[in-house]
file my_file-v2.pdb (PDB, C-alpha atoms and all ligand atoms)
ATOM      1  CA  LEU A   1     109.811 125.585  87.987  1.00  0.00           C
ATOM      2  CA  GLU A   2     111.225 126.914  91.263  1.00  0.00           C
ATOM      3  CA  GLY A   3     108.416 125.193  93.117  1.00  0.00           C
ATOM      4  CA  ALA A   4     109.265 121.936  91.380  1.00  0.00           C
ATOM      5  CA  VAL A   5     112.935 122.235  92.348  1.00  0.00           C
ATOM      6  CA  ILE A   6     112.055 122.853  95.983  1.00  0.00           C
ATOM      7  CA  LYS A   7     109.661 119.918  95.905  1.00  0.00           C
ATOM      8  CA  ALA A   8     112.352 117.641  94.422  1.00  0.00           C
ATOM      9  CA  GLU A   9     114.810 118.775  97.099  1.00  0.00           C
ATOM     10  CA  LYS A  10     112.271 118.127  99.827  1.00  0.00           C
ATOM     11  CA  LEU A  11     111.612 114.661  98.440  1.00  0.00           C
ATOM     12  CA  ALA A  12     115.340 113.912  98.288  1.00  0.00           C
ATOM     13  CA  ILE A  13     115.755 114.968 101.927  1.00  0.00           C
ATOM     14  CA  LEU A  14     112.724 112.913 102.952  1.00  0.00           C
ATOM     15  CA  GLY A  15     114.171 109.914 101.136  1.00  0.00           C
ATOM     16  CA  GLN A  16     117.477 110.289 102.948  1.00  0.00           C
ATOM     17  CA  MET A  17     115.721 110.629 106.288  1.00  0.00           C
ATOM     18  CA  ALA A  18     113.621 107.566 105.603  1.00  0.00           C
ATOM     19  CA  ALA A  19     116.736 105.547 104.758  1.00  0.00           C
ATOM     20  CA  GLU A  20     118.450 106.663 107.967  1.00  0.00           C
ATOM     21  CA  MET A  21     115.325 105.960 110.004  1.00  0.00           C
ATOM     22  CA  VAL A  22     115.148 102.477 108.630  1.00  0.00           C
ATOM     23  CA  HIS A  23     118.818 101.892 109.488  1.00  0.00           C
ATOM     24  CA  GLU A  24     118.165 103.052 113.034  1.00  0.00           C
ATOM     25  CA  ILE A  25     115.199 100.694 113.328  1.00  0.00           C
ATOM     26  CA  ARG A  26     117.333  97.766 112.275  1.00  0.00           C
ATOM     27  CA  ASN A  27     119.536  97.778 115.396  1.00  0.00           C
ATOM     28  CA  PRO A  28     116.771  97.486 117.998  1.00  0.00           C
ATOM     29  CA  LEU A  29     115.141  94.809 115.846  1.00  0.00           C
ATOM     30  CA  THR A  30     118.334  92.758 116.031  1.00  0.00           C
ATOM     31  CA  VAL A  31     118.272  93.050 119.828  1.00  0.00           C
ATOM     32  CA  ILE A  32     114.583  92.079 119.923  1.00  0.00           C
ATOM     33  CA  GLY A  33     115.366  89.053 117.751  1.00  0.00           C
ATOM     34  CA  GLY A  34     118.190  87.992 120.059  1.00  0.00           C
ATOM     35  CA  PHE A  35     116.086  88.089 123.215  1.00  0.00           C
ATOM     36  CA  LEU A  36     113.231  86.442 121.395  1.00  0.00           C
ATOM     37  CA  THR A  37     115.499  83.496 120.675  1.00  0.00           C
ATOM     38  CA  LEU A  38     116.225  83.216 124.412  1.00  0.00           C
ATOM     39  CA  LEU A  39     112.522  83.439 125.252  1.00  0.00           C
ATOM     40  CA  GLN A  40     111.705  80.866 122.615  1.00  0.00           C
ATOM     41  CA  LYS A  41     114.054  78.396 124.315  1.00  0.00           C
ATOM     42  CA  ASP A  42     112.500  79.060 127.742  1.00  0.00           C
ATOM     43  CA  LEU A  43     108.959  78.663 126.463  1.00  0.00           C
ATOM     44  CA  THR A  44     109.437  75.536 124.339  1.00  0.00           C
ATOM     45  CA  GLY A  45     106.692  73.075 125.183  1.00  0.00           C
ATOM     46  CA  THR A  46     104.563  75.640 127.067  1.00  0.00           C
ATOM     47  CA  PRO A  47     101.273  77.198 125.864  1.00  0.00           C
ATOM     48  CA  LYS A  48     103.096  80.541 125.354  1.00  0.00           C
ATOM     49  CA  GLU A  49     105.345  79.037 122.685  1.00  0.00           C
ATOM     50  CA  LYS A  50     102.765  80.016 120.059  1.00  0.00           C
ATOM     51  CA  HIS A  51     102.821  83.688 121.080  1.00  0.00           C
ATOM     52  CA  VAL A  52     106.557  83.914 120.639  1.00  0.00           C
ATOM     53  CA  SER A  53     106.401  82.327 117.213  1.00  0.00           C
ATOM     54  CA  ILE A  54     103.803  84.899 116.143  1.00  0.00           C
ATOM     55  CA  ILE A  55     106.113  87.687 117.340  1.00  0.00           C
ATOM     56  CA  ARG A  56     108.968  85.998 115.456  1.00  0.00           C
ATOM     57  CA  ALA A  57     106.947  85.881 112.207  1.00  0.00           C
ATOM     58  CA  GLU A  58     105.974  89.556 112.504  1.00  0.00           C
ATOM     59  CA  LEU A  59     109.559  90.512 113.264  1.00  0.00           C
ATOM     60  CA  GLU A  60     110.663  88.618 110.176  1.00  0.00           C
ATOM     61  CA  HIS A  61     108.141  90.572 108.138  1.00  0.00           C
ATOM     62  CA  VAL A  62     109.439  93.936 109.384  1.00  0.00           C
ATOM     63  CA  ASN A  63     113.006  92.792 108.671  1.00  0.00           C
ATOM     64  CA  ASN A  64     112.038  91.871 105.108  1.00  0.00           C
ATOM     65  CA  LEU A  65     110.377  95.250 104.591  1.00  0.00           C
ATOM     66  CA  ILE A  66     113.518  96.981 105.780  1.00  0.00           C
ATOM     67  CA  SER A  67     115.862  94.978 103.524  1.00  0.00           C
ATOM     68  CA  ASP A  68     113.679  95.623 100.493  1.00  0.00           C
ATOM     69  CA  PHE A  69     113.407  99.312 101.285  1.00  0.00           C
ATOM     70  CA  LEU A  70     117.169  99.711 101.772  1.00  0.00           C
ATOM     71  CA  GLN A  71     117.839  98.116  98.387  1.00  0.00           C
ATOM     72  CA  PHE A  72     116.351 101.169  96.803  1.00  0.00           C
ATOM     73  CA  SER A  73     117.336 103.966  99.115  1.00  0.00           C
ATOM     74  CA  ARG A  74     120.925 103.093  99.898  1.00  0.00           C
ATOM     75  CA  PRO A  75     123.397 105.904  99.257  1.00  0.00           C
ATOM     76  CA  GLY A  76     125.514 105.736  96.117  1.00  0.00           C
ATOM     77  CA  TYR A  77     122.394 105.038  94.193  1.00  0.00           C
ATOM     78  CA  ALA A  78     123.476 107.205  91.289  1.00  0.00           C
ATOM     79  CA  LYS A  79     126.918 105.629  90.874  1.00  0.00           C
ATOM     80  CA  ARG A  80     127.030 104.667  87.240  1.00  0.00           C
ATOM     81  CA  THR A  81     129.688 102.891  85.256  1.00  0.00           C
ATOM     82  CA  ARG A  82     129.832 100.927  82.026  1.00  0.00           C
ATOM     83  CA  CYS A  83     128.573  97.447  82.758  1.00  0.00           C
ATOM     84  CA  SER A  84     127.929  94.271  80.854  1.00  0.00           C
ATOM     85  CA  ILE A  85     124.440  92.839  81.179  1.00  0.00           C
ATOM     86  CA  VAL A  86     125.798  89.345  80.452  1.00  0.00           C
ATOM     87  CA  GLN A  87     128.232  89.722  83.362  1.00  0.00           C
ATOM     88  CA  ILE A  88     125.471  91.000  85.655  1.00  0.00           C
ATOM     89  CA  ILE A  89     123.198  88.076  84.847  1.00  0.00           C
ATOM     90  CA  THR A  90     126.053  85.590  85.200  1.00  0.00           C
ATOM     91  CA  ASP A  91     126.875  87.042  88.655  1.00  0.00           C
ATOM     92  CA  VAL A  92     123.257  86.941  89.793  1.00  0.00           C
ATOM     93  CA  THR A  93     122.830  83.372  88.524  1.00  0.00           C
ATOM     94  CA  MET A  94     125.840  82.336  90.603  1.00  0.00           C
ATOM     95  CA  LEU A  95     124.274  83.973  93.647  1.00  0.00           C
ATOM     96  CA  VAL A  96     121.013  82.032  93.279  1.00  0.00           C
ATOM     97  CA  GLU A  97     122.510  78.730  92.048  1.00  0.00           C
ATOM     98  CA  ASN A  98     122.566  77.157  95.481  1.00  0.00           C
ATOM     99  CA  GLU A  99     118.987  78.041  96.283  1.00  0.00           C
ATOM    100  CA  ALA A 100     117.913  76.825  92.838  1.00  0.00           C
ATOM    101  CA  SER A 101     119.494  73.431  93.332  1.00  0.00           C
ATOM    102  CA  LEU A 102     117.954  73.109  96.802  1.00  0.00           C
ATOM    103  CA  ARG A 103     114.575  73.717  95.194  1.00  0.00           C
ATOM    104  CA  LYS A 104     115.433  71.389  92.282  1.00  0.00           C
ATOM    105  CA  LEU A 105     114.943  74.233  89.840  1.00  0.00           C
ATOM    106  CA  GLU A 106     116.656  74.368  86.483  1.00  0.00           C
ATOM    107  CA  ILE A 107     118.018  77.663  85.165  1.00  0.00           C
ATOM    108  CA  ASN A 108     118.645  77.762  81.414  1.00  0.00           C
ATOM    109  CA  LEU A 109     120.874  80.591  80.211  1.00  0.00           C
ATOM    110  CA  ASP A 110     120.983  81.776  76.637  1.00  0.00           C
ATOM    111  CA  LEU A 111     123.179  84.868  76.759  1.00  0.00           C
ATOM    112  CA  ALA A 112     124.365  86.347  73.487  1.00  0.00           C
ATOM    113  CA  GLY A 113     127.991  87.437  73.828  1.00  0.00           C
ATOM    114  CA  ASP A 114     128.089  90.480  71.566  1.00  0.00           C
ATOM    115  CA  ILE A 115     125.911  92.863  73.557  1.00  0.00           C
ATOM    116  CA  PRO A 116     127.148  96.435  74.093  1.00  0.00           C
ATOM    117  CA  ASP A 117     127.651  97.706  77.623  1.00  0.00           C
ATOM    118  CA  ILE A 118     125.021  99.728  79.371  1.00  0.00           C
ATOM    119  CA  PHE A 119     125.737 102.743  81.514  1.00  0.00           C
ATOM    120  CA  GLY A 120     124.316 102.047  84.930  1.00  0.00           C
ATOM    121  CA  ASP A 121     124.617 101.173  88.594  1.00  0.00           C
ATOM    122  CA  SER A 122     125.653  97.525  88.491  1.00  0.00           C
ATOM    123  CA  ASP A 123     124.572  96.832  92.100  1.00  0.00           C
ATOM    124  CA  GLN A 124     121.123  98.191  91.398  1.00  0.00           C
ATOM    125  CA  LEU A 125     120.883  96.213  88.172  1.00  0.00           C
ATOM    126  CA  LYS A 126     121.919  93.033  89.994  1.00  0.00           C
ATOM    127  CA  GLN A 127     119.137  93.749  92.451  1.00  0.00           C
ATOM    128  CA  VAL A 128     116.686  93.946  89.554  1.00  0.00           C
ATOM    129  CA  PHE A 129     117.522  90.465  88.312  1.00  0.00           C
ATOM    130  CA  LEU A 130     117.814  89.071  91.822  1.00  0.00           C
ATOM    131  CA  ASN A 131     114.255  90.209  92.584  1.00  0.00           C
ATOM    132  CA  ILE A 132     112.976  88.737  89.325  1.00  0.00           C
ATOM    133  CA  PHE A 133     114.681  85.406  90.106  1.00  0.00           C
ATOM    134  CA  LYS A 134     113.274  85.500  93.628  1.00  0.00           C
ATOM    135  CA  ASN A 135     109.744  85.941  92.318  1.00  0.00           C
ATOM    136  CA  ALA A 136     110.273  83.151  89.791  1.00  0.00           C
ATOM    137  CA  PHE A 137     111.520  80.809  92.540  1.00  0.00           C
ATOM    138  CA  GLU A 138     108.520  81.620  94.694  1.00  0.00           C
ATOM    139  CA  ALA A 139     106.154  80.998  91.777  1.00  0.00           C
ATOM    140  CA  LEU A 140     107.684  77.607  90.982  1.00  0.00           C
ATOM    141  CA  SER A 141     107.199  74.334  92.734  1.00  0.00           C
ATOM    142  CA  PHE A 142     109.909  71.675  92.862  1.00  0.00           C
ATOM    143  CA  GLY A 143     111.296  70.805  89.467  1.00  0.00           C
ATOM    144  CA  GLY A 144     110.297  74.020  87.742  1.00  0.00           C
ATOM    145  CA  LYS A 145     112.247  75.785  85.034  1.00  0.00           C
ATOM    146  CA  ILE A 146     113.540  79.281  84.442  1.00  0.00           C
ATOM    147  CA  PHE A 147     114.762  80.475  81.049  1.00  0.00           C
ATOM    148  CA  VAL A 148     116.952  83.541  80.741  1.00  0.00           C
ATOM    149  CA  GLN A 149     117.702  85.046  77.375  1.00  0.00           C
ATOM    150  CA  SER A 150     119.535  88.222  76.488  1.00  0.00           C
ATOM    151  CA  SER A 151     119.657  89.888  73.115  1.00  0.00           C
ATOM    152  CA  TRP A 152     120.574  93.134  71.422  1.00  0.00           C
ATOM    153  CA  ASN A 153     118.337  95.260  69.247  1.00  0.00           C
ATOM    154  CA  SER A 154     120.838  97.269  67.182  1.00  0.00           C
ATOM    155  CA  ASN A 155     118.199  99.405  65.438  1.00  0.00           C
ATOM    156  CA  GLU A 156     116.823 100.808  68.669  1.00  0.00           C
ATOM    157  CA  ARG A 157     120.110 100.294  70.570  1.00  0.00           C
ATOM    158  CA  ILE A 158     118.297  98.408  73.293  1.00  0.00           C
ATOM    159  CA  VAL A 159     119.507  95.500  75.417  1.00  0.00           C
ATOM    160  CA  GLN A 160     116.726  93.030  76.078  1.00  0.00           C
ATOM    161  CA  VAL A 161     116.587  90.416  78.828  1.00  0.00           C
ATOM    162  CA  ILE A 162     113.758  87.926  79.072  1.00  0.00           C
ATOM    163  CA  ILE A 163     113.228  85.827  82.200  1.00  0.00           C
ATOM    164  CA  ARG A 164     110.549  83.205  81.832  1.00  0.00           C
ATOM    165  CA  ASP A 165     109.312  80.833  84.505  1.00  0.00           C
ATOM    166  CA  THR A 166     106.969  77.872  84.318  1.00  0.00           C
ATOM    167  CA  GLY A 167     105.359  78.763  87.625  1.00  0.00           C
ATOM    168  CA  MET A 168     101.850  79.479  88.867  1.00  0.00           C
ATOM    169  CA  GLY A 169     101.432  82.686  86.861  1.00  0.00           C
ATOM    170  CA  MET A 170      99.156  85.583  87.744  1.00  0.00           C
ATOM    171  CA  ASP A 171      95.485  86.373  87.303  1.00  0.00           C
ATOM    172  CA  LYS A 172      94.275  89.686  85.830  1.00  0.00           C
ATOM    173  CA  GLN A 173      93.701  91.281  89.230  1.00  0.00           C
ATOM    174  CA  THR A 174      97.232  90.530  90.378  1.00  0.00           C
ATOM    175  CA  MET A 175      98.604  91.843  87.088  1.00  0.00           C
ATOM    176  CA  THR A 176      96.921  95.222  87.589  1.00  0.00           C
ATOM    177  CA  SER A 177      98.333  95.660  91.110  1.00  0.00           C
ATOM    178  CA  MET A 178     101.707  93.911  90.914  1.00  0.00           C
ATOM    179  CA  PHE A 179     103.776  97.110  90.659  1.00  0.00           C
ATOM    180  CA  ASN A 180     101.992  98.845  93.545  1.00  0.00           C
ATOM    181  CA  PRO A 181     104.096  99.274  96.678  1.00  0.00           C
ATOM    182  CA  PHE A 182     103.163  96.753  99.401  1.00  0.00           C
ATOM    183  CA  PHE A 183     100.934  94.741  97.072  1.00  0.00           C
ATOM    184  CA  THR A 184     101.620  91.069  97.719  1.00  0.00           C
ATOM    185  CA  THR A 185      99.797  87.759  97.397  1.00  0.00           C
ATOM    186  CA  LYS A 186     102.363  85.992  99.588  1.00  0.00           C
ATOM    187  CA  GLU A 187     102.147  85.310 103.282  1.00  0.00           C
ATOM    188  CA  ASN A 188     105.658  86.618 103.844  1.00  0.00           C
ATOM    189  CA  GLY A 189     105.829  89.015 100.921  1.00  0.00           C
ATOM    190  CA  THR A 190     106.659  92.707 101.193  1.00  0.00           C
ATOM    191  CA  GLY A 191     105.168  93.798  97.889  1.00  0.00           C
ATOM    192  CA  LEU A 192     108.200  96.019  97.330  1.00  0.00           C
ATOM    193  CA  GLY A 193     110.157  93.871  94.851  1.00  0.00           C
ATOM    194  CA  LEU A 194     108.474  94.855  91.588  1.00  0.00           C
ATOM    195  CA  PHE A 195     107.824  98.420  92.723  1.00  0.00           C
ATOM    196  CA  ILE A 196     111.531  98.938  93.421  1.00  0.00           C
ATOM    197  CA  ILE A 197     112.845  97.283  90.281  1.00  0.00           C
ATOM    198  CA  LYS A 198     110.459  99.264  88.108  1.00  0.00           C
ATOM    199  CA  LYS A 199     111.849 102.472  89.620  1.00  0.00           C
ATOM    200  CA  ILE A 200     115.445 101.293  89.095  1.00  0.00           C
ATOM    201  CA  ILE A 201     114.792 100.323  85.479  1.00  0.00           C
ATOM    202  CA  GLU A 202     113.015 103.593  84.748  1.00  0.00           C
ATOM    203  CA  ASN A 203     115.881 105.523  86.359  1.00  0.00           C
ATOM    204  CA  HIS A 204     118.102 103.792  83.810  1.00  0.00           C
ATOM    205  CA  GLY A 205     115.872 104.936  80.966  1.00  0.00           C
ATOM    206  CA  GLY A 206     114.493 101.437  80.521  1.00  0.00           C
ATOM    207  CA  LYS A 207     111.213  99.573  80.671  1.00  0.00           C
ATOM    208  CA  ILE A 208     109.833  96.412  82.260  1.00  0.00           C
ATOM    209  CA  GLU A 209     107.001  94.395  80.751  1.00  0.00           C
ATOM    210  CA  ILE A 210     105.329  91.375  82.309  1.00  0.00           C
ATOM    211  CA  GLN A 211     103.112  88.810  80.646  1.00  0.00           C
ATOM    212  CA  SER A 212     101.547  86.053  82.669  1.00  0.00           C
ATOM    213  CA  GLU A 213      98.926  83.378  82.593  1.00  0.00           C
ATOM    214  CA  PRO A 214      97.543  81.531  85.615  1.00  0.00           C
ATOM    215  CA  GLY A 215      98.896  77.995  85.736  1.00  0.00           C
ATOM    216  CA  LYS A 216     101.215  78.547  82.771  1.00  0.00           C
ATOM    217  CA  GLY A 217     103.919  80.877  83.953  1.00  0.00           C
ATOM    218  CA  THR A 218     105.318  84.356  83.676  1.00  0.00           C
ATOM    219  CA  ILE A 219     107.518  86.219  81.216  1.00  0.00           C
ATOM    220  CA  VAL A 220     109.395  89.268  82.446  1.00  0.00           C
ATOM    221  CA  THR A 221     111.030  91.457  79.783  1.00  0.00           C
ATOM    222  CA  VAL A 222     113.572  94.082  80.805  1.00  0.00           C
ATOM    223  CA  LEU A 223     114.607  96.650  78.200  1.00  0.00           C
ATOM    224  CA  LEU A 224     117.617  98.873  78.824  1.00  0.00           C
ATOM    225  CA  PRO A 225     119.208 101.409  76.510  1.00  0.00           C
ATOM    226  CA  ALA A 226     122.867 100.817  75.600  1.00  0.00           C
ATOM    227  CA  GLY A 227     125.208 103.366  77.191  1.00  0.00           C
TER     228      GLY A 227
HETATM  229  P1  LIG B 301     106.455  90.063  96.813  1.00  0.00           P
HETATM  230  O1  LIG B 301     107.323  89.111  96.045  1.00  0.00           O
HETATM  231  O2  LIG B 301     107.067  90.487  98.112  1.00  0.00           O
HETATM  232  O3  LIG B 301     105.037  89.587  96.963  1.00  0.00           O
HETATM  233  P2  LIG B 301     106.713  91.699  94.438  1.00  0.00           P
HETATM  234  O4  LIG B 301     106.563  93.166  94.233  1.00  0.00           O
HETATM  235  O5  LIG B 301     108.028  91.103  94.085  1.00  0.00           O
HETATM  236  O6  LIG B 301     106.355  91.437  95.962  1.00  0.00           O
HETATM  237  O7  LIG B 301     105.576  90.955  93.631  1.00  0.00           O
HETATM  238  C1  LIG B 301     104.219  91.366  93.793  1.00  0.00           C
HETATM  239  C2  LIG B 301     103.271  90.235  93.426  1.00  0.00           C
HETATM  240  O8  LIG B 301     103.348  89.976  92.025  1.00  0.00           O
HETATM  241  C3  LIG B 301     103.588  88.913  94.093  1.00  0.00           C
HETATM  242  O9  LIG B 301     103.045  88.837  95.388  1.00  0.00           O
HETATM  243  C4  LIG B 301     102.964  87.923  93.116  1.00  0.00           C
HETATM  244  O10 LIG B 301     101.567  87.804  93.341  1.00  0.00           O
HETATM  245  C5  LIG B 301     103.142  88.587  91.781  1.00  0.00           C
HETATM  246  N1  LIG B 301     104.308  88.050  91.028  1.00  0.00           N
HETATM  247  C6  LIG B 301     105.478  88.672  90.796  1.00  0.00           C
HETATM  248  N2  LIG B 301     106.303  87.901  90.052  1.00  0.00           N
HETATM  249  C7  LIG B 301     105.647  86.748  89.807  1.00  0.00           C
HETATM  250  C8  LIG B 301     105.949  85.535  89.082  1.00  0.00           C
HETATM  251  N3  LIG B 301     107.126  85.359  88.457  1.00  0.00           N
HETATM  252  N4  LIG B 301     105.008  84.574  89.035  1.00  0.00           N
HETATM  253  C9  LIG B 301     103.809  84.744  89.642  1.00  0.00           C
HETATM  254  N5  LIG B 301     103.455  85.851  90.336  1.00  0.00           N
HETATM  255  C10 LIG B 301     104.355  86.839  90.424  1.00  0.00           C
HETATM  256 MG    MG B 302     109.173  89.682  95.189  1.00  0.00          MG
END
call {"tool": "encode", "arguments": {"input": "my_file-v2.pdb", "output": "structure tokens"}}
result
Amino acid sequence: LEGAVIKAEKLAILGQMAAEMVHEIRNPLTVIGGFLTLLQKDLTGTPKEKHVSIIRAELEHVNNLISDFLQFSRPGYAKRTRCSIVQIITDVTMLVENEASLRKLEINLDLAGDIPDIFGDSDQLKQVFLNIFKNAFEALSFGGKIFVQSSWNSNERIVQVIIRDTGMGMDKQTMTSMFNPFFTTKENGTGLGLFIIKKIIENHGGKIEIQSEPGKGTIVTVLLPAG
């Protein structure tokens, strides 16, 4: 047991160091981005323009990796309060509303009102639904639909949220790897979204289940115990 405690402590310290490292990396990246913008202006219309845009794309990728990583490792991770899942979903929907309308996507909400609070970190839980929405958006073409439904299982005291999209869906191979860190099928993906939200949900004593069919769409079910 002592060995396990030491190992857990080591991991916690490593996690903290990684988070600080990533913060430190962010500043020089901002400077690089700034000078890149200047270079890009100078090189417009020259054969070197292409090189700068490749650097820009790679820089963007590193920036995305850092944002996704910080979502999970930010301090205050364990700050838990009573929170309403209906409120969390309403907040997240407001955050993505603009993007949805730009993409001509329809979000249908069916949120039952009488759901008990859960005991959790509301910022982390918002991140969970934000990442699920983000994936749904990226799976949908113009005019697609997203259905969000929350319900309460009083026997098992579990809050259930289902997010369904009518997007491209996933094949079997993608389904077996989707939760692996850095697994992505997208050109600009980080492959950290599902990995991180699975960890957050499990830290809350919950579960995530995903069903999907290529060409039909995807159903994400999040189960969280009431607090
Ligand atoms: P990323 O979005 O950066 O690729 P994620 O961990 O969020 O990383 O997702 C991993 C992979 O799972 C995606 O690249 C995609 O292939 C698949 N995926 C996740 N959500 C959906 C969805 N709603 N519809 C289709 N594919 C999805
Ligand atoms: Mg994602």
call {"tool": "residues_around", "arguments": {"input": "my_file-v2.pdb", "residues": "Asn131 (chain A)", "least_positions_apart": "3", "cutoff": "8 Å", "atoms": "all atoms listed in the file", "output": "ChimeraX atom specification"}}
result
/A:127-128,134-135,193-194,197
call {"tool": "resolve_selection", "arguments": {"input": "my_file-v2.pdb", "expression": "the PyMOL selection byres (((chain A and resi 146) around 6) and not hetatm)", "output": "PyMOL selection string"}}
result
chain A and resi 107+145+147+164-165
call {"tool": "atom_distance", "arguments": {"input": "my_file-v2.pdb", "atom1": "CA of Ile25 (chain A)", "atom2": "CA of Leu38 (chain A)"}}
result
20.7 Å
call {"tool": "axis_aligned_box", "arguments": {"input": "my_file-v2.pdb", "around": "ligand LIG 301 (chain B)", "padding_each_side": "5 Å", "output": "lines of an AutoDock Vina configuration file"}}
result
center_x = 104.8
center_y = 88.9
center_z = 93.3
size_x = 16.5
size_y = 18.6
size_z = 19.7
call {"tool": "resolve_selection", "arguments": {"input": "my_file-v2.pdb", "expression": "the PyMOL selection byres (((chain A and resi 11-20) around 8) and not hetatm)", "output": "ChimeraX atom specification"}}
result
/A:7-10,21-24,69-70,73-74
call {"tool": "residues_around", "arguments": {"input": "my_file-v2.pdb", "residues": "Val148 (chain A)", "least_positions_apart": "2", "cutoff": "10 Å", "atoms": "all atoms listed in the file", "output": "JSON, numbers by chain"}}
result
{"A": [89, 93, 107, 108, 109, 110, 111, 133, 146, 150, 161, 162, 163, 164, 165, 219, 220, 221]}
call {"tool": "build_atoms", "arguments": {"input": "my_file-v2.pdb", "residues": "region 54-66 of chain A", "atoms": "N, CA and C atoms", "output": "PDB file, keeping the file's coordinate frame"}}
result
ATOM      1  N   ILE A  54     104.506  83.840 116.880  1.00  0.00           N
ATOM      2  CA  ILE A  54     103.803  84.899 116.143  1.00  0.00           C
ATOM      3  C   ILE A  54     104.656  86.168 116.130  1.00  0.00           C
ATOM      4  N   ILE A  55     105.227  86.509 117.277  1.00  0.00           N
ATOM      5  CA  ILE A  55     106.113  87.687 117.340  1.00  0.00           C
ATOM      6  C   ILE A  55     107.280  87.497 116.374  1.00  0.00           C
ATOM      7  N   ARG A  56     107.842  86.308 116.354  1.00  0.00           N
ATOM      8  CA  ARG A  56     108.968  85.998 115.456  1.00  0.00           C
ATOM      9  C   ARG A  56     108.592  86.218 113.985  1.00  0.00           C
ATOM     10  N   ALA A  57     107.398  85.743 113.603  1.00  0.00           N
ATOM     11  CA  ALA A  57     106.947  85.881 112.207  1.00  0.00           C
ATOM     12  C   ALA A  57     106.756  87.355 111.842  1.00  0.00           C
ATOM     13  N   GLU A  58     106.191  88.124 112.771  1.00  0.00           N
ATOM     14  CA  GLU A  58     105.974  89.556 112.504  1.00  0.00           C
ATOM     15  C   GLU A  58     107.307  90.294 112.424  1.00  0.00           C
ATOM     16  N   LEU A  59     108.223  89.903 113.273  1.00  0.00           N
ATOM     17  CA  LEU A  59     109.559  90.512 113.264  1.00  0.00           C
ATOM     18  C   LEU A  59     110.252  90.244 111.931  1.00  0.00           C
ATOM     19  N   GLU A  60     110.103  89.013 111.475  1.00  0.00           N
ATOM     20  CA  GLU A  60     110.663  88.618 110.176  1.00  0.00           C
ATOM     21  C   GLU A  60     110.096  89.502 109.060  1.00  0.00           C
ATOM     22  N   HIS A  61     108.801  89.753 109.154  1.00  0.00           N
ATOM     23  CA  HIS A  61     108.141  90.572 108.138  1.00  0.00           C
ATOM     24  C   HIS A  61     108.713  91.995 108.117  1.00  0.00           C
ATOM     25  N   VAL A  62     108.869  92.578 109.302  1.00  0.00           N
ATOM     26  CA  VAL A  62     109.439  93.936 109.384  1.00  0.00           C
ATOM     27  C   VAL A  62     110.870  93.928 108.849  1.00  0.00           C
ATOM     28  N   ASN A  63     111.634  92.895 109.180  1.00  0.00           N
ATOM     29  CA  ASN A  63     113.006  92.792 108.671  1.00  0.00           C
ATOM     30  C   ASN A  63     113.040  92.721 107.150  1.00  0.00           C
ATOM     31  N   ASN A  64     112.112  91.965 106.571  1.00  0.00           N
ATOM     32  CA  ASN A  64     112.038  91.871 105.108  1.00  0.00           C
ATOM     33  C   ASN A  64     111.701  93.223 104.489  1.00  0.00           C
ATOM     34  N   LEU A  65     110.749  93.927 105.110  1.00  0.00           N
ATOM     35  CA  LEU A  65     110.377  95.250 104.591  1.00  0.00           C
ATOM     36  C   LEU A  65     111.588  96.176 104.580  1.00  0.00           C
ATOM     37  N   ILE A  66     112.349  96.115 105.653  1.00  0.00           N
ATOM     38  CA  ILE A  66     113.518  96.981 105.780  1.00  0.00           C
ATOM     39  C   ILE A  66     114.575  96.633 104.728  1.00  0.00           C
TER      40      ILE A  66
END
